[in-house]
Every structure is written in C-alpha cells, then in structure tokens.
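Asks: The structure is given below, and queries will be raised subsequently.
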Amino acid sequence: MGTELNRRSFVRGAAAIAGAAGMAPLLSACGGGSAHQKTGANTASGLKAALPAYVPNTSIKPDIPSVAGSADAATDPGYLAYPTSAVTSVSGVPGKGGSYTAVTPLWGTVPPVGNSFYQAMNKALGISLEMKPADGNNYNTIVPTMTAAKKLPDWIQLPSWWSSAFNTGELAGTQLADLTPYLSGDNIKKYPNLAAIPTGAWQAGIWGDKLYGIPSFSSQFSVVGATFYRRDILESRGITGDQVKSADDLMNLGKELTDAKGGVWAFDDLFTYIFTFFGAPLTWKVDSGKLVHTFETQEYLEAVDWHNRLATAGYLHPDAITKSTTGAHFYSGKLLIAGSGTGAWTLSDYQSGVAANPNYRRGAFNAFAADGKSTPVQYMGSSTSMTSYLNANLKHDQIEELLAVANYLAAPYGTAEYTMVNFGVEGVHHNRVNGVPTFTDEGKKDVQPQTYPFLVSPAAVTSTPGSDMVTKDIAAWQAANVKALAKPPFWGMNISMPQSIATASAAQAVNDTVIDCIHGKKKVSDVQAAIATWKSSGGGERLKQWMTDNVLDKYGTNQ
C-alpha cells in the first residue's frame with residue numbers, strides 16, 4: 001500500500017535528518033527577552049503539575065504486546081493485520097460548528113483545496129477546519145514570517161528540531177495558548193484518546209512550567225536511529241547480527257564484506273548512530289558535579305578515530321564520503337551496512353527491497369559496547385519531535401472545541417476514527433484489499449499527503465500489513481534493545497537559550513571537521529584543534545557555564 005499505517009517513517013526519519021540533535025534537549029533561542037518566558041528550563045515541581053495523566057487505551061489489543069524497559073521506555077505494540085472490527089473511540093461529533101485554520105508542514109504534493117476528503121473530515125469533526133499545508137522544506141522560514149507579524153493560524157505544527165528558529169519558548173504564553181488548565185493531571189481524562197499519549201511526549205510541549213503543545217507521532221521507544229544491515233546477504237554468508245558485540249567485531253566485518261573491485265562496500269556513514277557506544281555522552285555528562293561536554297571526552301575522540309580508520313581502510317562506500325548514498329545502494333547490495341533513522345524500516349522499504357532482490361531482508365544490530373565488555377547503553381530521544389500548538393487569541397470555548405477535535409484525531413490505531421483520519425471514506429478514498437485499507441486514485445490525491453496527523457496523532461505502533469516478517473523483525477529488535485535504553489542528562493527538558501549560546505551549542509565548525517575526519521579527509525588532531533578553538537573562542541566554555549548556572553544548578557538533569 002502507498003502509505004505507512006503508523007507514521008513511524010516520518011518522525012523517525014526526521015531524527016536521522018537532525019542527527020544527534022534529534023535526541024538532545026529541545027532548544028529554543030531567545031530574542032530580546034519575554035516577560036513570560038524565562039531562560040532556563042522547567043522545574044521538577046512545575047513539570048509534574050503540568051503533565052497530563054496517562055491512561056492507556058486497551059480498546060484494540062495488539063498481536064505483539066508492548067514490552068516495558070527501563071527509564072519509562074517501552075516497545076511499540078505490534079499488529080500483524082489491520083483491525084477488521086470498526087471500534088469507535090469517540091461518541092458523536094466532537095465539534096460545535098466553529099471555523100478555524102490550521103498550518104502543518106508537508107513533504108510532498110499539496111492536496112487540492114476543499115477536496116472531498118477535507119469536506120468529509122469537516123463533517124466528521126463538526127467544524128470547518130481549513131487545512132493549509134506548507135512546504136516542509138521551507139517551513140523553518142515560513143513560520144518565522146507568521147510569528148513576526150503575529151499572524152499565526154488557529155492551530156499550527158512546530159517541529160521541535162526547529163524550536164531555535166521558531167523561538168518556541170518565547171512564543172509560549174504570548175502567541176501560543178496555555179493548555180495547562182485543560183489538560184494537566186486528571187483534566188485530560190475528559191479526552192481519553194489524548195490521555196493515551198505517553199507522558200514523555202507531552203513533556204516536549206511544556207515551556208516555563210506550563211503545557212502548550214499537543215504531541216504527534218509519539219513513541220516510548222525513541223532512539224536517534226539504528227545500524228542496519230542486509231540480513232539476507234549476511235546470513236547467506238553465515239553471519240548473524242548477534243555476532244557483532246564490539247567495535248572490533250564491526251571493523252572486522254567491514255574487512256570481510258568489502259570488495260571494492262566488485263563494487264561492494266561494507267559501510268555507509270555510521271558515526272551518528274554508534275559514537276555513544278564508545279562511552280561518549282550524547283551531549284553532556286555530569287562528572288563529580290560538573291558538566292562535561294561530549295567533545296571534551298576521550299571516548300568521543302576514540303569514536304572519531306575508529307570511524308576515521310574505517311574510512312581510510314577503504315570500507316566506506318565512496319558515495320558516503322560525498323554524502324550521496326541512497327536507498328538504491330542498499331537495495332542493490334552495493335552497500336551492506338548503513339546507519340539511519342528507524343523510520344527506514346517500513347513496509348515500503350521491504351517492497352522496494354524485494355523489487356531489487358526477492359530475498360531482501362533488513363536487519364539491525366543490537367546496541368553494543370565498543371569494548372565488548374561494558375553494559376550497552378542506547379540513549380533515548382524525546383518521545384516526539386512533532387508538537388502542535390493553539391493560538392493564544394482563541395477563547396475558552398474555542399480551545400475546548402479544538403481539544404475535542406484533537407481527541408478525535410488522536411484515536412488509536414485501527415479504530416473507526418483512525419481509519420477515517422488516515423484513509424478517508426471507504427468506497428471513495430480507500431477500499432479494503434485483503435482487509436487492508438488501500439487508497440483509490442482519489443485517496444492517493446487527497447488523503448495520502450497527510451496533514452491531520454501533524455496536528456495530533458496516537459502513539460506509534462508497529463504494523464506492516466502485507467509482510468508479517470517486517471513487523472515481527474522490528475518488534476523483536478525493539479524487545480532486544482529496550483532494556484538498554486537510558487535517558488541522557490537533560491532529557492526532554494525544553495531549554496530556552498540566548499541566541500549566542502544556541503549558536504555555541506550548534507558547534508558548526510567542530511561538527512564540520514568531525515565529518516571530514518570520519519570520512520578520512522582530516523585527522524583526529526584536526527578535530528582536537530577544532531574543539532580547542534570552540535572551547536576558547538567559539539563559545540564552548542560560555543555554553544558550559546550557561547548550562548551550569550541556568551539549568552544544572554537550578555533544575556538538575558531530569559534523569
């Protein structure tokens with residue numbers, strides 16, 4: 001089918017685009033200052049008071065139940081088939097006839113204005129909601145124009161990896177509505193589908209101890225990505241994923257698999273997905289009460305050195321060095337091991353793979369410690385990187401009406417409402433093919449370029465109808481790794497930084513040098529020099545002092 005049923009592909013892929021930043025605290029750069037939003041983060045007591053209660057929805061039982069891990073982590077439940085019983089999660093029509101506008105990013109062709117799906121959704125929701133999807137590639141420049149003019153729509157999606165560009169922390173309470181009185185604690189139980197969204201996802205929308213954001217594409221199993229491999233090819237050579245238990249194992253595998261004369265290389269760029277396996281912190285660690293940045297650790301340099309040796313040994317695909325590798329390299333078997341966001345593991349991936357090779361099967365290595373001895377640790381990312389907000393100019397009754405609509409949009413996987421939101425009207429926008437909602441031509445044009453789930457959507461599930469193998473493989477991998485998940489310091493803390501500090505945190509010059517080094521173009525000594533410059537004159541020391549004074553000393557690490 002033409003669309004993924006659980007939308008994992010988008011949000012997890014976004015983490016890959018953002019790199020390690022997808023797992024860092026949600027940063028917002030402050031401008032001239034705001035009377036409402038102070039620099040810093042949420043207090044422990046304020047966060048606890050603002051968070052909604054969590055009440056799981058059990059209306060449709062999964063084929064593969066969720067497995068709990070440590071640090072509030074859990075695997076996504078798995079469904080081997082699309083539910084056939086049309087369970088209803090919302091009674092009646094949620095809206096009361098109001099008229100609103102909504103803006104969301106869209107990476108694809110914009111559906112026609114006022115199309116049949118939008119009309120059917122307005123009828124189901126009981127409101128007139130004018131959807132205005134904007135080009136996702138330019139979204140980080142489109143939104144600031146709206147905020148500067150103070151002309152936000154009634155409902156808007158603000159992806160967290162652009163929080164700095166949007167000044168989200170400063171917008172909270174000035175242009176964005178405070179939802180704390182409506183959704184904090186047991187208040188959310190008025191909206192059962194919203195209450196079923198994991199607690200960590202709501203944390204992404206809390207600024208200054210108040211709740212503003214509504215999560216989309218949330219998951220309790222959130223990591224920056226995985227190191228994938230061509231399971232069918234490796235197993236045909238007697239190699240299984242569980243044999244890789246150290247960095248040496250992976251390097252030796254690169255030597256065994258690479259055949260440059262035959263046009264086959266072992267690796268794409270892996271650094272973002274494995275540098276923490278060397279013991280390096282994701283961004284920060286606290287040592288004897290003091291903050292230490294990952295750039296300052298020997299473990300980070302060891303990871304850089306390892307990847308540099310991988311590249312200079314010739315195990316890295318030449319196109320990885322020019323940043324031009326594609327899925328086609330992986331499907332054709334010219335590239336056998338590639339790091340990517342977990343959204344790469346989907347039904348469409350399987351379909352593309354088997355089109356190139358009938359035996360195609362994607363696998364992912366388990367988390368490992370580089371030394372092969374230590375306990376593996378996989379750092380968690382935010383439970384969502386997509387959060388929508390309501391306009392602060394809305395009246396009380398309007399906010400309640402839109403929250404009732406949000407409750408409809410957040411209906412769990414497989415319910416009647418979920419099917420409507422994701423596939424439209426049966427017989428018009430989709431038909432059931434072997435029990436699976438499958439788009440008609442009208443559905444491909446109007447529904448498939450998704451917009452409503454960017455306003456709010458239920459927690460992620462794993463489901464790839466048409467390939468039970470993929471669902472089972474993903475569920476097994478998550479179950480094998482969920483115990484390794486751990487929260488990094490400042491996990492999920494929305495931190496509003498002055499612009500100069502946010503620029504220092506980005507450390508662009510260091511990261512550019514690291515990329516050249518791990519591709520074999522520069523030496524580790526060049527990285528060390530770039531780090532030294534960053535610390536002394538690039539704002540590194542000021543960043544550490546600011547984080548110590550404004551976050552660590554006041555709010556702790558949230559671990």
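Naming scheme: A, B, ... for chains in displayed order of the structure tokens; residues 1 onward per chain; ligands 1 onward as shown.
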Got a sec: who's within 7 Å of region 102-106 of chain A, counting only C-alpha atoms, leaving out chain neighbours fewer than 3 positions off, as an mmCIF file with N, CA and C atoms, in the first residue's frame?
Replies:
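Final output, saved to around-v6.cif:
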data_model
loop_
_atom_site.group_PDB
_atom_site.id
_atom_site.type_symbol
_atom_site.label_atom_id
_atom_site.label_comp_id
_atom_site.auth_asym_id
_atom_site.auth_seq_id
_atom_site.Cartn_x
_atom_site.Cartn_y
_atom_site.Cartn_z
ATOM 1 N N LEU A 129 -12.585 23.254 9.392
ATOM 2 C CA LEU A 129 -11.151 23.381 9.652
ATOM 3 C C LEU A 129 -10.436 23.499 8.313
ATOM 4 N N GLU A 130 -9.964 24.691 8.009
ATOM 5 C CA GLU A 130 -9.280 24.923 6.740
ATOM 6 C C GLU A 130 -7.820 24.513 6.875
ATOM 7 N N MET A 131 -7.466 23.412 6.223
ATOM 8 C CA MET A 131 -6.099 22.915 6.273
ATOM 9 C C MET A 131 -5.240 23.663 5.261
ATOM 10 N N LYS A 132 -4.102 24.176 5.721
ATOM 11 C CA LYS A 132 -3.190 24.927 4.864
ATOM 12 C C LYS A 132 -1.780 24.342 4.966
ATOM 13 N N PRO A 133 -1.574 23.159 4.388
ATOM 14 C CA PRO A 133 -0.234 22.569 4.452
ATOM 15 C C PRO A 133 0.786 23.421 3.712
ATOM 16 N N ALA A 134 1.972 23.570 4.322
ATOM 17 C CA ALA A 134 3.037 24.392 3.737
ATOM 18 C C ALA A 134 4.240 23.511 3.412
ATOM 19 N N ASP A 135 5.048 23.952 2.506
ATOM 20 C CA ASP A 135 6.218 23.200 2.060
ATOM 21 C C ASP A 135 7.146 22.901 3.238
ATOM 22 N N GLY A 136 7.299 21.621 3.551
ATOM 23 C CA GLY A 136 8.142 21.238 4.680
ATOM 24 C C GLY A 136 9.591 21.633 4.512
ATOM 25 N N TYR A 139 9.734 25.211 5.682
ATOM 26 C CA TYR A 139 8.859 25.509 6.825
ATOM 27 C C TYR A 139 9.562 26.368 7.877
ATOM 28 N N PRO A 153 -1.971 30.903 12.524
ATOM 29 C CA PRO A 153 -3.300 30.317 12.357
ATOM 30 C C PRO A 153 -3.834 29.865 13.714
ATOM 31 N N ASP A 154 -5.024 29.327 13.731
ATOM 32 C CA ASP A 154 -5.605 28.865 14.997
ATOM 33 C C ASP A 154 -4.858 27.642 15.543
ATOM 34 N N TRP A 155 -4.294 26.842 14.651
ATOM 35 C CA TRP A 155 -3.620 25.602 15.058
ATOM 36 C C TRP A 155 -2.399 25.443 14.163
ATOM 37 N N ILE A 156 -1.223 25.214 14.758
ATOM 38 C CA ILE A 156 -0.006 25.143 13.961
ATOM 39 C C ILE A 156 0.943 24.079 14.491
ATOM 40 N N GLN A 157 1.631 23.407 13.596
ATOM 41 C CA GLN A 157 2.645 22.420 13.959
ATOM 42 C C GLN A 157 4.013 23.095 13.976
ATOM 43 N N THR A 451 -2.001 15.394 6.423
ATOM 44 C CA THR A 451 -1.967 16.690 7.086
ATOM 45 C C THR A 451 -2.493 16.610 8.520
ATOM 46 N N PHE A 454 -0.367 15.618 11.632
ATOM 47 C CA PHE A 454 0.628 16.571 12.102
ATOM 48 C C PHE A 454 0.050 17.497 13.173
#
Asks: Check which residues of region 319-395 of chain A sit at most 10 Å from region 472-482 of chain A using only C-alpha atoms, and return one row each with the closest pair of atoms and their distance in Å to one decimal, ordered by chain and rising number, as a tab-separated table.
Replies:
residue	atom	partner	partner_atom	distance
A:Thr342	CA	A:Ile474	CA	9.3
A:Trp345	CA	A:Ile474	CA	7.6
A:Thr346	CA	A:Ile474	CA	9.0
A:Arg361	CA	A:Asp473	CA	9.5
A:Arg362	CA	A:Asp473	CA	8.6
A:Gly363	CA	A:Asp473	CA	7.5
A:Ala364	CA	A:Trp477	CA	7.2
A:Phe365	CA	A:Trp477	CA	8.3
A:Asn366	CA	A:Asn481	CA	6.3
A:Ala367	CA	A:Asn481	CA	6.6
A:Phe368	CA	A:Asn481	CA	9.7
A:Pro376	CA	A:Asn481	CA	9.2
A:Val377	CA	A:Asn481	CA	9.1
A:Gln378	CA	A:Asn481	CA	7.9
A:Met380	CA	A:Val482	CA	9.9
Asks: Would you mind reading off the distance between CA of Thr312 (chain A) and CA of His519 (chain A), one decimal, in Å?
Replies: 7.8 Å
Asks: Run DSSP on the backbone and tell me which residues of region 328-558 of chain A come out as strand (DSSP E or B); list them as a count of residues only.
Replies: 35
Asks: Check region 26-192 of chain A with DSSP on the backbone and list each residue it calls helix (DSSP H, G or I), as a count of residues only.
Replies: 52
Asks: For a test of reading the model, state the distance in Å between CA of Val87 (chain A) and CA of Pro453 (chain A), rounded to one decimal.
Replies: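 These two atoms are separated by 19.1 Å.
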Asks: May I have the residues within 12 Å of Lys373 (chain A) as a VMD selection string, using only C-alpha atoms and disregarding those fewer than 6 positions away in the same chain?
Replies: chain A and resid 245 to 248 277 to 279
Asks: Which residues, written as a ChimeraX atom specification, have at least one atom at most 6 Å from Gly339 (chain A), with only C-alpha atoms counted and residues fewer than 3 positions away on the same chain left out?
Replies: /A:226-228,270
Asks: For a test of reading the model, state the distance in Å between CA of Ser500 (chain A) and CA of Val292 (chain A), rounded to one decimal.
Replies: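 CA of Val292 (chain A) lies at a distance of 19.5 Å from CA of Ser500 (chain A).
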Asks: Write out as a ChimeraX atom specification each polymer residue whose atoms come within 10 Å of Gly466 (chain A), counting only C-alpha atoms; drop sequence neighbours fewer than 5 positions from it.
Replies: /A:1,80-82,347,350-351,434,436,471
Asks: Within 8 Å of region 332-335 of chain A, counting only C-alpha atoms, which residues qualify if same-chain residues fewer than 2 places away don't, as a list in words?
Replies: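 My list of contacting residues is Arg230, Ile233, Gly263, Val264, Trp265, Ala266, Phe267, Asp268, His317, Ala328, His329, Phe330, Ile337, Ala338, Ala356 and Asn357 of chain A.
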Asks: Output N, CA and C atoms for every residue in the selection just made, as a compact mmCIF listing (two decimals), in the first residue's frame.
Replies:
# COMPACT_ATOMS: atom_id res chain seq x y z
N ARG A 230 22.11 -5.70 5.59
CA ARG A 230 21.39 -6.58 4.69
C ARG A 230 21.40 -7.99 5.29
N ILE A 233 21.82 -11.03 2.91
CA ILE A 233 23.15 -11.24 2.35
C ILE A 233 24.12 -11.75 3.41
N GLY A 263 32.72 -3.73 -6.58
CA GLY A 263 31.74 -2.66 -6.41
C GLY A 263 30.89 -2.81 -5.17
N VAL A 264 31.42 -3.49 -4.13
CA VAL A 264 30.67 -3.70 -2.88
C VAL A 264 31.48 -3.14 -1.72
N TRP A 265 30.85 -2.33 -0.91
CA TRP A 265 31.48 -1.78 0.28
C TRP A 265 30.62 -2.11 1.50
N ALA A 266 31.27 -2.26 2.62
CA ALA A 266 30.55 -2.64 3.83
C ALA A 266 29.69 -1.52 4.38
N PHE A 267 30.24 -0.29 4.44
CA PHE A 267 29.63 0.73 5.29
C PHE A 267 29.21 2.01 4.57
N ASP A 268 28.12 2.57 5.07
CA ASP A 268 27.78 3.96 4.89
C ASP A 268 28.29 4.68 6.14
N HIS A 317 31.71 3.26 1.68
CA HIS A 317 31.30 3.44 0.29
C HIS A 317 31.73 4.83 -0.19
N ALA A 328 18.98 3.04 -2.94
CA ALA A 328 19.29 2.15 -4.06
C ALA A 328 20.59 1.40 -3.84
N HIS A 329 21.57 2.03 -3.21
CA HIS A 329 22.84 1.35 -2.91
C HIS A 329 22.59 0.15 -2.00
N PHE A 330 21.72 0.35 -1.02
CA PHE A 330 21.41 -0.71 -0.05
C PHE A 330 20.61 -1.82 -0.72
N ILE A 337 25.89 -2.19 5.11
CA ILE A 337 25.62 -1.74 6.48
C ILE A 337 25.48 -0.23 6.47
N ALA A 338 24.34 0.27 6.97
CA ALA A 338 24.06 1.70 6.90
C ALA A 338 23.31 2.18 8.13
N ALA A 356 14.14 -5.23 -5.92
CA ALA A 356 15.52 -5.33 -6.40
C ALA A 356 16.09 -6.72 -6.19
N ASN A 357 15.67 -7.38 -5.10
CA ASN A 357 16.15 -8.72 -4.77
C ASN A 357 15.06 -9.45 -3.99
